[in-house]
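Everything below belongs to run_23.cif, which stores mmCIF, C-alpha atoms.
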data_coords
#
loop_
_atom_site.group_PDB
_atom_site.id
_atom_site.type_symbol
_atom_site.label_atom_id
_atom_site.label_comp_id
_atom_site.auth_asym_id
_atom_site.auth_seq_id
_atom_site.Cartn_x
_atom_site.Cartn_y
_atom_site.Cartn_z
ATOM 1 C CA MET P 1 -34.144 -8.163 -18.303
ATOM 2 C CA MET P 2 -30.968 -10.122 -17.767
ATOM 3 C CA SER P 3 -29.691 -9.068 -14.374
ATOM 4 C CA ASP P 4 -28.467 -12.293 -12.789
ATOM 5 C CA PRO P 5 -24.780 -11.630 -11.978
ATOM 6 C CA ALA P 6 -23.946 -15.279 -12.675
ATOM 7 C CA ILE P 7 -24.918 -14.717 -16.326
ATOM 8 C CA VAL P 8 -23.856 -11.102 -16.772
ATOM 9 C CA GLU P 9 -20.344 -11.430 -15.384
ATOM 10 C CA PRO P 10 -19.011 -14.084 -17.785
ATOM 11 C CA ILE P 11 -20.528 -12.221 -20.743
ATOM 12 C CA LEU P 12 -18.947 -8.961 -19.561
ATOM 13 C CA THR P 13 -15.591 -10.674 -19.091
ATOM 14 C CA LEU P 14 -15.824 -12.255 -22.539
ATOM 15 C CA VAL P 15 -16.648 -8.927 -24.224
ATOM 16 C CA LEU P 16 -13.758 -7.215 -22.417
ATOM 17 C CA LEU P 17 -11.313 -9.989 -23.343
ATOM 18 C CA ILE P 18 -12.390 -9.847 -27.010
ATOM 19 C CA LEU P 19 -11.920 -6.062 -27.009
ATOM 20 C CA LEU P 20 -8.491 -6.573 -25.388
ATOM 21 C CA ALA P 21 -7.535 -9.020 -28.141
ATOM 22 C CA ILE P 22 -8.682 -6.566 -30.840
ATOM 23 C CA VAL P 23 -6.705 -3.707 -29.271
ATOM 24 C CA THR P 24 -3.625 -5.931 -28.902
ATOM 25 C CA PHE P 25 -3.875 -6.846 -32.599
ATOM 26 C CA GLY P 26 -4.097 -3.146 -33.395
ATOM 27 C CA ILE P 27 -1.020 -2.358 -31.284
ATOM 28 C CA VAL P 28 0.993 -4.986 -33.135
ATOM 29 C CA ARG P 29 -0.197 -4.012 -36.631
ATOM 30 C CA VAL P 30 -0.390 -0.199 -36.566
ATOM 31 C CA ARG P 31 2.745 1.620 -37.735
ATOM 32 C CA GLY P 32 1.909 5.109 -36.524
ATOM 33 C CA LEU P 33 3.318 5.356 -33.013
ATOM 34 C CA PHE P 34 0.852 8.057 -31.953
ATOM 35 C CA ALA P 35 -2.015 5.641 -32.625
ATOM 36 C CA VAL P 36 -0.133 2.916 -30.750
ATOM 37 C CA VAL P 37 0.175 5.139 -27.653
ATOM 38 C CA ILE P 38 -3.567 5.868 -27.709
ATOM 39 C CA LEU P 39 -4.301 2.156 -28.192
ATOM 40 C CA LEU P 40 -2.081 1.372 -25.185
ATOM 41 C CA GLY P 41 -4.175 3.806 -23.153
ATOM 42 C CA ILE P 42 -7.357 2.066 -24.309
ATOM 43 C CA TYR P 43 -5.766 -1.281 -23.433
ATOM 44 C CA SER P 44 -5.053 -0.043 -19.895
ATOM 45 C CA PHE P 45 -8.609 1.211 -19.426
ATOM 46 C CA LEU P 46 -10.024 -2.128 -20.638
ATOM 47 C CA MET P 47 -7.637 -3.906 -18.274
ATOM 48 C CA ALA P 48 -8.771 -1.651 -15.401
ATOM 49 C CA THR P 49 -12.420 -2.483 -16.198
ATOM 50 C CA LEU P 50 -11.519 -6.166 -16.198
ATOM 51 C CA PHE P 51 -9.928 -5.770 -12.750
ATOM 52 C CA VAL P 52 -13.134 -4.136 -11.506
ATOM 53 C CA VAL P 53 -15.121 -7.108 -12.833
ATOM 54 C CA LEU P 54 -12.684 -9.374 -10.925
ATOM 55 C CA ASP P 55 -13.359 -7.307 -7.729
ATOM 56 C CA ALA P 56 -9.737 -6.096 -7.591
ATOM 57 C CA VAL P 57 -10.597 -2.410 -7.201
ATOM 58 C CA ASP P 58 -7.199 -1.381 -5.844
ATOM 59 C CA VAL P 59 -5.405 -2.882 -8.834
ATOM 60 C CA ALA P 60 -7.962 -1.330 -11.199
ATOM 61 C CA MET P 61 -7.290 2.088 -9.712
ATOM 62 C CA THR P 62 -3.540 1.663 -10.137
ATOM 63 C CA GLU P 63 -3.948 0.435 -13.709
ATOM 64 C CA ALA P 64 -6.202 3.375 -14.621
ATOM 65 C CA SER P 65 -3.950 6.024 -13.069
ATOM 66 C CA VAL P 66 -0.548 4.600 -13.993
ATOM 67 C CA GLY P 67 -1.252 2.622 -17.166
ATOM 68 C CA ALA P 68 -3.749 4.907 -18.831
ATOM 69 C CA GLY P 69 -2.764 8.214 -17.231
ATOM 70 C CA ILE P 70 0.908 8.795 -16.523
ATOM 71 C CA SER P 71 2.260 6.215 -18.987
ATOM 72 C CA THR P 72 0.363 7.809 -21.879
ATOM 73 C CA VAL P 73 1.782 11.224 -21.021
ATOM 74 C CA LEU P 74 5.310 9.797 -20.742
ATOM 75 C CA PHE P 75 4.933 7.893 -24.041
ATOM 76 C CA LEU P 76 3.768 11.083 -25.761
ATOM 77 C CA GLY P 77 6.748 12.904 -24.264
ATOM 78 C CA ALA P 78 9.069 10.210 -25.592
ATOM 79 C CA LEU P 79 7.364 10.402 -29.020
ATOM 80 C CA TYR P 80 8.000 14.136 -29.143
ATOM 81 C CA LEU P 81 11.691 13.469 -28.580
ATOM 82 C CA THR P 82 11.973 10.730 -31.197
ATOM 83 C CA ASP P 83 9.648 10.160 -34.139
ATOM 84 C CA VAL P 84 5.974 9.339 -34.646
ATOM 85 C CA LYS P 85 6.584 6.703 -37.325
ATOM 86 C CA GLU P 86 7.823 3.213 -36.598
ATOM 87 C CA ALA P 87 11.005 2.455 -38.509
ATOM 88 C CA THR P 88 10.432 -0.231 -41.126
ATOM 89 C CA GLY P 89 13.176 -2.686 -40.318
ATOM 90 C CA LYS P 90 14.896 -4.604 -43.076
ATOM 91 C CA ALA P 91 16.261 -7.080 -40.551
ATOM 92 C CA ARG P 92 15.581 -10.793 -40.832
ATOM 93 C CA HIS P 93 12.313 -11.834 -39.265
ATOM 94 C CA VAL P 94 13.467 -15.355 -38.420
ATOM 95 C CA ALA P 95 15.431 -14.597 -35.250
ATOM 96 C CA PRO P 96 12.713 -12.514 -33.484
ATOM 97 C CA LEU P 97 10.105 -15.118 -34.444
ATOM 98 C CA LEU P 98 12.304 -17.856 -33.003
ATOM 99 C CA VAL P 99 12.838 -15.919 -29.751
ATOM 100 C CA ALA P 100 9.111 -15.305 -29.440
ATOM 101 C CA ALA P 101 8.292 -18.955 -30.145
ATOM 102 C CA VAL P 102 10.850 -20.218 -27.625
ATOM 103 C CA THR P 103 9.602 -17.759 -24.970
ATOM 104 C CA ALA P 104 6.015 -18.795 -25.598
ATOM 105 C CA GLY P 105 7.043 -22.445 -25.354
ATOM 106 C CA VAL P 106 8.858 -21.899 -22.057
ATOM 107 C CA LEU P 107 5.885 -19.969 -20.644
ATOM 108 C CA ILE P 108 3.421 -22.690 -21.649
ATOM 109 C CA TRP P 109 5.782 -25.306 -20.197
ATOM 110 C CA GLY P 110 5.907 -23.260 -16.966
ATOM 111 C CA LEU P 111 2.101 -23.181 -16.875
ATOM 112 C CA SER P 112 2.052 -26.936 -16.334
ATOM 113 C CA ASP P 113 3.577 -26.363 -12.888
ATOM 114 C CA LEU P 114 0.847 -23.951 -11.786
ATOM 115 C CA PRO P 115 -2.038 -25.196 -9.656
ATOM 116 C CA GLU P 116 -5.220 -26.052 -11.497
ATOM 117 C CA PHE P 117 -7.440 -23.019 -12.128
ATOM 118 C CA GLY P 118 -9.693 -22.461 -9.111
ATOM 119 C CA SER P 119 -8.402 -25.424 -7.113
ATOM 120 C CA ALA P 120 -9.368 -24.868 -3.496
ATOM 121 C CA ASP P 121 -6.388 -26.435 -1.699
ATOM 122 C CA GLN P 122 -3.836 -23.827 -2.818
ATOM 123 C CA PRO P 123 -2.261 -21.396 -0.294
ATOM 124 C CA ILE P 124 -3.883 -18.346 -1.953
ATOM 125 C CA HIS P 125 -7.302 -19.822 -1.262
ATOM 126 C CA ALA P 126 -6.471 -21.535 2.025
ATOM 127 C CA LYS P 127 -4.814 -18.493 3.661
ATOM 128 C CA GLY P 128 -7.269 -15.878 2.384
ATOM 129 C CA PRO P 129 -10.006 -16.421 4.993
ATOM 130 C CA ASP P 130 -7.325 -16.351 7.707
ATOM 131 C CA TYR P 131 -6.224 -12.841 6.682
ATOM 132 C CA LEU P 132 -9.835 -11.702 6.289
ATOM 133 C CA ALA P 133 -10.583 -12.852 9.825
ATOM 134 C CA ARG P 134 -7.384 -11.515 11.411
ATOM 135 C CA SER P 135 -7.095 -8.146 9.675
ATOM 136 C CA LEU P 136 -9.656 -6.119 11.604
ATOM 137 C CA PRO P 137 -8.812 -7.296 15.168
ATOM 138 C CA ASP P 138 -5.056 -7.144 14.462
ATOM 139 C CA THR P 139 -4.760 -3.829 12.690
ATOM 140 C CA GLY P 140 -8.103 -2.012 12.890
ATOM 141 C CA ILE P 141 -8.034 -1.636 9.091
ATOM 142 C CA PRO P 142 -11.199 -2.796 7.312
ATOM 143 C CA ASN P 143 -9.612 -2.840 3.827
ATOM 144 C CA VAL P 144 -7.658 -6.105 3.851
ATOM 145 C CA VAL P 145 -5.680 -5.094 0.748
ATOM 146 C CA THR P 146 -4.152 -2.197 2.683
ATOM 147 C CA SER P 147 -3.470 -4.247 5.810
ATOM 148 C CA VAL P 148 -1.800 -7.018 3.803
ATOM 149 C CA LEU P 149 0.285 -4.505 1.833
ATOM 150 C CA ALA P 150 1.414 -2.422 4.784
ATOM 151 C CA SER P 151 1.177 -4.638 7.876
ATOM 152 C CA TYR P 152 1.581 -8.285 6.919
ATOM 153 C CA ARG P 153 3.798 -7.770 3.886
ATOM 154 C CA GLY P 154 5.369 -4.422 4.690
ATOM 155 C CA PHE P 155 8.792 -5.617 3.594
ATOM 156 C CA ASP P 156 7.429 -6.403 0.130
ATOM 157 C CA THR P 157 5.961 -2.921 -0.194
ATOM 158 C CA LEU P 158 9.244 -1.395 0.967
ATOM 159 C CA GLY P 159 10.834 -3.226 -1.961
ATOM 160 C CA GLU P 160 8.215 -1.824 -4.346
ATOM 161 C CA THR P 161 8.843 1.697 -3.096
ATOM 162 C CA ALA P 162 12.556 1.117 -3.588
ATOM 163 C CA VAL P 163 11.827 0.032 -7.195
ATOM 164 C CA VAL P 164 9.967 3.308 -7.888
ATOM 165 C CA PHE P 165 12.836 5.198 -6.258
ATOM 166 C CA THR P 166 15.389 3.348 -8.411
ATOM 167 C CA ALA P 167 13.397 4.064 -11.578
ATOM 168 C CA ALA P 168 13.226 7.782 -10.801
ATOM 169 C CA ILE P 169 16.930 7.983 -9.921
ATOM 170 C CA GLY P 170 17.791 6.058 -13.093
ATOM 171 C CA VAL P 171 15.798 8.385 -15.355
ATOM 172 C CA LEU P 172 17.151 11.476 -13.609
ATOM 173 C CA ALA P 173 20.718 10.170 -13.978
ATOM 174 C CA LEU P 174 20.196 9.428 -17.694
ATOM 175 C CA PHE P 175 18.734 12.871 -18.365
ATOM 176 C CA ALA P 176 21.097 14.797 -16.059
ATOM 177 C CA ARG P 177 23.086 16.027 -19.046
ATOM 178 C CA ARG P 178 20.253 18.437 -19.793
ATOM 179 C CA ARG P 179 21.116 20.759 -16.936
ATOM 180 C CA SER P 180 24.817 21.043 -17.715
ATOM 181 C CA GLU P 181 23.911 21.711 -21.371
ATOM 182 C CA ARG P 182 21.672 24.577 -20.353
ATOM 183 C CA LYS P 183 24.387 26.137 -18.211
ATOM 184 C CA GLY P 184 26.972 25.901 -20.998
ATOM 185 C CA MET H 1 -1.581 24.973 -25.804
ATOM 186 C CA ARG H 2 -1.156 28.420 -24.279
ATOM 187 C CA LEU H 3 -4.089 29.907 -26.195
ATOM 188 C CA ASP H 4 -6.636 27.170 -25.732
ATOM 189 C CA VAL H 5 -9.203 28.873 -23.518
ATOM 190 C CA VAL H 6 -11.376 25.800 -22.981
ATOM 191 C CA LEU H 7 -8.449 23.684 -21.768
ATOM 192 C CA ARG H 8 -7.088 26.419 -19.521
ATOM 193 C CA VAL H 9 -10.429 27.141 -17.839
ATOM 194 C CA THR H 10 -11.299 23.443 -17.411
ATOM 195 C CA THR H 11 -7.890 22.779 -15.911
ATOM 196 C CA LYS H 12 -8.459 25.531 -13.369
ATOM 197 C CA PHE H 13 -11.662 23.805 -12.246
ATOM 198 C CA ILE H 14 -10.183 20.294 -12.239
ATOM 199 C CA LEU H 15 -6.909 20.931 -10.365
ATOM 200 C CA ALA H 16 -8.303 21.486 -6.862
ATOM 201 C CA PRO H 17 -10.726 18.519 -6.901
ATOM 202 C CA LEU H 18 -7.893 16.380 -8.316
ATOM 203 C CA LEU H 19 -5.604 17.199 -5.392
ATOM 204 C CA LEU H 20 -8.495 16.734 -2.971
ATOM 205 C CA PHE H 21 -9.257 13.346 -4.527
ATOM 206 C CA ALA H 22 -5.603 12.370 -4.098
ATOM 207 C CA LEU H 23 -5.832 13.200 -0.389
ATOM 208 C CA TYR H 24 -9.082 11.240 -0.142
ATOM 209 C CA VAL H 25 -7.517 8.194 -1.807
ATOM 210 C CA GLN H 26 -4.504 8.509 0.496
ATOM 211 C CA PHE H 27 -6.348 8.793 3.794
ATOM 212 C CA HIS H 28 -9.345 6.658 2.912
ATOM 213 C CA GLY H 29 -7.114 3.779 1.786
ATOM 214 C CA ASP H 30 -7.766 1.990 5.074
ATOM 215 C CA TYR H 31 -11.480 1.771 4.309
ATOM 216 C CA GLY H 32 -11.838 1.812 0.544
ATOM 217 C CA PRO H 33 -9.653 1.141 -2.463
ATOM 218 C CA GLY H 34 -6.529 3.197 -2.662
ATOM 219 C CA GLY H 35 -3.453 4.024 -0.683
ATOM 220 C CA GLY H 36 -0.107 5.722 -1.069
ATOM 221 C CA PHE H 37 0.686 4.428 -4.523
ATOM 222 C CA GLN H 38 -2.553 5.449 -6.225
ATOM 223 C CA ALA H 39 -2.788 8.744 -4.348
ATOM 224 C CA GLY H 40 0.786 9.606 -5.294
ATOM 225 C CA VAL H 41 0.069 9.052 -8.976
ATOM 226 C CA ILE H 42 -3.157 11.099 -8.842
ATOM 227 C CA ALA H 43 -1.437 14.003 -7.075
ATOM 228 C CA ALA H 44 1.425 13.827 -9.568
ATOM 229 C CA ALA H 45 -1.144 13.867 -12.385
ATOM 230 C CA ALA H 46 -2.427 17.200 -11.061
ATOM 231 C CA ILE H 47 1.055 18.748 -11.289
ATOM 232 C CA ILE H 48 1.620 17.166 -14.712
ATOM 233 C CA LEU H 49 -1.710 18.552 -15.961
ATOM 234 C CA TYR H 50 -0.660 21.985 -14.741
ATOM 235 C CA ALA H 51 2.660 21.580 -16.540
ATOM 236 C CA LEU H 52 0.936 20.499 -19.785
ATOM 237 C CA ILE H 53 -1.261 23.599 -19.810
ATOM 238 C CA ASN H 54 1.014 26.272 -18.363
ATOM 239 C CA GLY H 55 4.412 24.947 -19.363
ATOM 240 C CA VAL H 56 7.067 23.042 -17.437
ATOM 241 C CA GLY H 57 8.596 26.285 -16.146
ATOM 242 C CA ALA H 58 5.397 27.282 -14.349
ATOM 243 C CA ALA H 59 5.077 23.811 -12.828
ATOM 244 C CA GLN H 60 8.688 23.916 -11.664
ATOM 245 C CA ARG H 61 7.915 27.104 -9.775
ATOM 246 C CA ILE H 62 5.351 25.278 -7.591
ATOM 247 C CA MET H 63 7.287 21.976 -7.478
ATOM 248 C CA PRO H 64 10.977 22.763 -8.030
ATOM 249 C CA GLN H 65 13.384 20.126 -9.266
ATOM 250 C CA ALA H 66 15.538 20.453 -6.133
ATOM 251 C CA VAL H 67 12.542 19.713 -3.870
ATOM 252 C CA LEU H 68 11.689 16.666 -5.997
ATOM 253 C CA GLU H 69 15.217 15.333 -5.763
ATOM 254 C CA THR H 70 14.963 15.563 -1.965
ATOM 255 C CA LEU H 71 11.498 14.001 -1.799
ATOM 256 C CA ILE H 72 12.296 10.931 -3.938
ATOM 257 C CA PRO H 73 14.730 9.385 -1.406
ATOM 258 C CA ALA H 74 12.884 10.956 1.561
ATOM 259 C CA GLY H 75 9.829 8.724 0.977
ATOM 260 C CA VAL H 76 11.922 5.538 1.023
ATOM 261 C CA LEU H 77 13.716 6.826 4.129
ATOM 262 C CA VAL H 78 10.412 7.501 5.923
ATOM 263 C CA TYR H 79 9.328 3.953 5.110
ATOM 264 C CA ALA H 80 12.594 2.368 6.226
ATOM 265 C CA LEU H 81 12.789 4.513 9.377
ATOM 266 C CA VAL H 82 9.318 3.354 10.435
ATOM 267 C CA GLY H 83 10.740 -0.151 10.140
ATOM 268 C CA VAL H 84 13.773 0.801 12.247
ATOM 269 C CA ALA H 85 11.495 2.511 14.794
ATOM 270 C CA GLY H 86 9.631 -0.789 15.060
ATOM 271 C CA MET H 87 12.939 -2.525 15.785
ATOM 272 C CA LEU H 88 13.897 0.054 18.431
ATOM 273 C CA THR H 89 10.634 -0.615 20.277
ATOM 274 C CA GLY H 90 11.512 -4.282 20.468
ATOM 275 C CA GLU H 91 9.575 -5.548 17.460
ATOM 276 C CA ASN H 92 10.675 -7.022 14.159
ATOM 277 C CA PHE H 93 11.677 -4.742 11.288
ATOM 278 C CA LEU H 94 8.418 -3.134 10.079
ATOM 279 C CA GLY H 95 6.503 -4.509 13.058
ATOM 280 C CA TYR H 96 4.204 -1.735 14.220
ATOM 281 C CA ASP H 97 2.733 -3.301 17.349
ATOM 282 C CA HIS H 98 4.721 -1.194 19.848
ATOM 283 C CA LEU H 99 4.529 2.168 18.055
ATOM 284 C CA ALA H 100 1.619 3.363 20.248
ATOM 285 C CA HIS H 101 0.159 2.493 23.617
ATOM 286 C CA ASP H 102 -1.823 -0.459 22.262
ATOM 287 C CA LYS H 103 -1.316 -2.891 19.390
ATOM 288 C CA VAL H 104 -4.133 -1.828 17.067
ATOM 289 C CA HIS H 105 -3.314 1.851 17.469
ATOM 290 C CA GLY H 106 0.336 1.094 16.753
ATOM 291 C CA GLN H 107 -0.638 -0.721 13.572
ATOM 292 C CA GLU H 108 -2.712 2.255 12.466
ATOM 293 C CA TRP H 109 0.211 4.625 13.030
ATOM 294 C CA GLY H 110 2.626 2.295 11.253
ATOM 295 C CA VAL H 111 0.405 1.866 8.213
ATOM 296 C CA PHE H 112 -0.291 5.612 8.076
ATOM 297 C CA LEU H 113 3.416 6.519 8.117
ATOM 298 C CA VAL H 114 4.385 3.792 5.685
ATOM 299 C CA GLU H 115 1.675 4.893 3.234
ATOM 300 C CA ALA H 116 2.914 8.467 3.596
ATOM 301 C CA GLY H 117 6.385 7.264 2.611
ATOM 302 C CA VAL H 118 5.007 5.481 -0.451
ATOM 303 C CA PHE H 119 3.011 8.604 -1.393
ATOM 304 C CA ILE H 120 6.055 10.889 -1.186
ATOM 305 C CA THR H 121 8.267 8.627 -3.300
ATOM 306 C CA VAL H 122 5.647 7.837 -5.961
ATOM 307 C CA PHE H 123 4.460 11.462 -6.206
ATOM 308 C CA SER H 124 7.944 12.907 -6.649
ATOM 309 C CA SER H 125 9.206 10.076 -8.879
ATOM 310 C CA MET H 126 6.345 10.483 -11.360
ATOM 311 C CA ILE H 127 6.851 14.251 -11.592
ATOM 312 C CA GLY H 128 10.625 13.777 -11.772
ATOM 313 C CA ILE H 129 10.343 11.376 -14.707
ATOM 314 C CA PHE H 130 7.875 13.728 -16.421
ATOM 315 C CA TYR H 131 10.197 16.721 -15.993
ATOM 316 C CA ALA H 132 13.075 14.684 -17.392
ATOM 317 C CA PHE H 133 11.082 14.016 -20.597
ATOM 318 C CA ALA H 134 9.331 17.362 -20.892
ATOM 319 C CA GLY H 135 12.442 19.436 -20.297
ATOM 320 C CA ARG H 136 14.236 18.097 -23.371
ATOM 321 C CA ARG H 137 14.009 19.371 -26.894
ATOM 322 C CA ARG H 138 13.979 17.186 -29.961
ATOM 323 C CA ALA H 139 17.544 16.304 -30.902
#

Could you quickly redo this structure as structure tokens?
Amino acid sequence: MMSDPAIVEPILTLVLLILLAIVTFGIVRVRGLFAVVILLGIYSFLMATLFVVLDAVDVAMTEASVGAGISTVLFLGALYLTDVKEATGKARHVAPLLVAAVTAGVLIWGLSDLPEFGSADQPIHAKGPDYLARSLPDTGIPNVVTSVLASYRGFDTLGETAVVFTAAIGVLALFARRRSERKG
Amino acid sequence: MRLDVVLRVTTKFILAPLLLFALYVQFHGDYGPGGGFQAGVIAAAAIILYALINGVGAAQRIMPQAVLETLIPAGVLVYALVGVAGMLTGENFLGYDHLAHDKVHGQEWGVFLVEAGVFITVFSSMIGIFYAFAGRRRA
């Protein structure tokens, strides 16, 4: 039996990434929007599994509940309001291709500024042990993800909450017409 | 959907554990994975499931639109007010050290209240967005 985590984990990651690539190809190629929504759900679940493999359980939980759960329901709701078939555009394909190519180029160019993969002298690796050591005596919270989110970077999380708030207010404002229609 | 017996009965059995799981994720976030954001989405999913099976009208009777529209800003306010309370006790904005008699206890209170704020906003926002979509008819 192959049970050494050093062997199993890369294989698992590779299988998940290949499945992700296949699903992504499907999302791009399929014309039926209902199938695309289901594929997006599958994509989110694969992504959540990948996060579990990377030991990021909190992120995996968020991805599974938001990406695969609520988003799918909202997409289906949007599909009901519009159409289940993607419109076959007669527009020129040169401009979108150019935009995509330029964006990809800029992103790859930006990658050159990132630290080398796994390099130990970066802040994310240097500061991590510090937080792990300080979290429990400082806050009494064993889950460092929670203590970093709420105690050390509370301002950041306040911003995130404000983003959710803004999104909800925006959608409610866009759809507010519904209520006045019903009254009339 | 109204006539599907299997879905209706299964939903009845799932709803309570779903809400309980949301509470578990909320209050166990200090020890395991989870927290306000995830718990809010899971609790909202329970209401959305109820709405999918019994209709949006039935869901709006247990979670009315007016309540939602109060809760969405209330969560952000709770969060921000905890920050202000930290300032009033002579700490930085969102510093929880002086919220209770000792530092660690203060941190626990601060994190608890802040997570509650996140829960309220996420929970009501998700349901609010769902209502906005589900309440419309095809143009």

Counting all atoms listed in the file, which residues in chain H sit no more than 8 Å from chain P? For each one, give the nearest pair of atoms and the distance in Å, sorted by chain then residue number, as a Markdown table.
| residue | atom | partner | partner_atom | distance |
| --- | --- | --- | --- | --- |
| H:Gly29 | CA | P:Thr146 | CA | 6.7 |
| H:Asp30 | CA | P:Asn143 | CA | 5.3 |
| H:Tyr31 | CA | P:Asn143 | CA | 5.0 |
| H:Gly32 | CA | P:Asn143 | CA | 6.1 |
| H:Pro33 | CA | P:Asp58 | CA | 4.9 |
| H:Gly34 | CA | P:Asp58 | CA | 5.6 |
| H:Gly35 | CA | P:Thr146 | CA | 7.1 |
| H:Phe37 | CA | P:Thr62 | CA | 7.6 |
| H:Gln38 | CA | P:Thr62 | CA | 5.5 |
| H:Val41 | CA | P:Ser65 | CA | 6.5 |
| H:Ile42 | CA | P:Ser65 | CA | 6.7 |
| H:Ala45 | CA | P:Ile70 | CA | 6.9 |
| H:Ile72 | CA | P:Phe165 | CA | 6.2 |
| H:Pro73 | CA | P:Phe165 | CA | 6.7 |
| H:Val76 | CA | P:Thr161 | CA | 6.4 |
| H:Tyr79 | CA | P:Leu158 | CA | 6.8 |
| H:Ala80 | CA | P:Leu158 | CA | 7.3 |
| H:Leu94 | CA | P:Gly154 | CA | 6.3 |
| H:Gly95 | CA | P:Ser151 | CA | 7.4 |
| H:Tyr96 | CA | P:Ser151 | CA | 7.6 |
| H:Lys103 | CA | P:Asp138 | CA | 7.5 |
| H:Val104 | CA | P:Thr139 | CA | 4.9 |
| H:His105 | CA | P:Thr139 | CA | 7.6 |
| H:Gln107 | CA | P:Thr139 | CA | 5.2 |
| H:Glu108 | CA | P:Thr139 | CA | 6.4 |
| H:Gly110 | CA | P:Ser151 | CA | 7.8 |
| H:Val111 | CA | P:Ala150 | CA | 5.6 |
| H:Val114 | CA | P:Ala150 | CA | 6.9 |
| H:Glu115 | CA | P:Ala150 | CA | 7.5 |
| H:Val118 | CA | P:Thr161 | CA | 6.0 |
| H:Thr121 | CA | P:Phe165 | CA | 6.4 |
| H:Val122 | CA | P:Val164 | CA | 6.5 |
| H:Ser125 | CA | P:Ala168 | CA | 5.0 |
| H:Met126 | CA | P:Ala168 | CA | 7.4 |
| H:Gly128 | CA | P:Ala168 | CA | 6.6 |
| H:Ile129 | CA | P:Ala168 | CA | 6.0 |
| H:Phe130 | CA | P:Leu74 | CA | 6.4 |
| H:Ala132 | CA | P:Phe175 | CA | 6.0 |
| H:Phe133 | CA | P:Gly77 | CA | 5.8 |
| H:Ala134 | CA | P:Gly77 | CA | 6.2 |
| H:Gly135 | CA | P:Arg178 | CA | 7.9 |
| H:Arg136 | CA | P:Arg178 | CA | 7.0 |
| H:Arg137 | CA | P:Leu81 | CA | 6.6 |
| H:Arg138 | CA | P:Leu81 | CA | 4.6 |
| H:Ala139 | CA | P:Leu81 | CA | 6.9 |

Discussion item. List as a ChimeraX atom specification the protein and nucleic acid residues near Asn54 of chain H, meaning an atom at most 10 Å away when only C-alpha atoms are counted, but skip any in the same chain fewer than 3 places from it.
Written reply: /H:1-2,8,11,48-51,57-59

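In this model, the gap between atom CA of Pro10 of chain P and atom CA of Val53 of chain P comes to 9.4 Å.
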
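Here atom CA of Gln60 of chain H stands at a distance of 8.5 Å from atom CA of Tyr131 of chain H.
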
Discussion item. Counting only C-alpha atoms, find residues at most 8 Å from (-4.4, 13.1, -6.2) (file frame) and give them as a ChimeraX atom specification.
Written reply: /H:18-25,38-46

Can you take the partial segment 101-109 of chain H, add N, CA, C and O atoms, and return it as a short mmCIF file (atom, residue, chain, number, x, y, z; two decimals), in the coordinates of the input?
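result17.cif written:
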data_model
loop_
_atom_site.label_atom_id
_atom_site.label_comp_id
_atom_site.auth_asym_id
_atom_site.auth_seq_id
_atom_site.Cartn_x
_atom_site.Cartn_y
_atom_site.Cartn_z
N HIS H 101 0.41 3.13 22.33
CA HIS H 101 0.16 2.49 23.62
C HIS H 101 -0.46 1.10 23.47
O HIS H 101 -0.18 0.22 24.25
N ASP H 102 -1.33 0.91 22.45
CA ASP H 102 -1.82 -0.46 22.26
C ASP H 102 -1.58 -0.94 20.83
O ASP H 102 -1.21 -0.16 19.95
N LYS H 103 -1.75 -2.23 20.62
CA LYS H 103 -1.32 -2.89 19.39
C LYS H 103 -2.01 -2.33 18.16
O LYS H 103 -1.38 -1.98 17.16
N VAL H 104 -3.36 -2.25 18.23
CA VAL H 104 -4.13 -1.83 17.07
C VAL H 104 -3.79 -0.39 16.69
O VAL H 104 -3.59 -0.06 15.53
N HIS H 105 -3.66 0.46 17.72
CA HIS H 105 -3.31 1.85 17.47
C HIS H 105 -1.93 1.96 16.83
O HIS H 105 -1.68 2.74 15.92
N GLY H 106 -1.01 1.13 17.33
CA GLY H 106 0.34 1.09 16.75
C GLY H 106 0.32 0.71 15.29
O GLY H 106 1.01 1.31 14.46
N GLN H 107 -0.51 -0.30 14.96
CA GLN H 107 -0.64 -0.72 13.57
C GLN H 107 -1.15 0.42 12.72
O GLN H 107 -0.66 0.66 11.60
N GLU H 108 -2.16 1.15 13.25
CA GLU H 108 -2.71 2.26 12.47
C GLU H 108 -1.65 3.32 12.19
O GLU H 108 -1.53 3.81 11.07
N TRP H 109 -0.87 3.66 13.21
CA TRP H 109 0.21 4.62 13.03
C TRP H 109 1.22 4.13 12.00
O TRP H 109 1.64 4.87 11.11
#
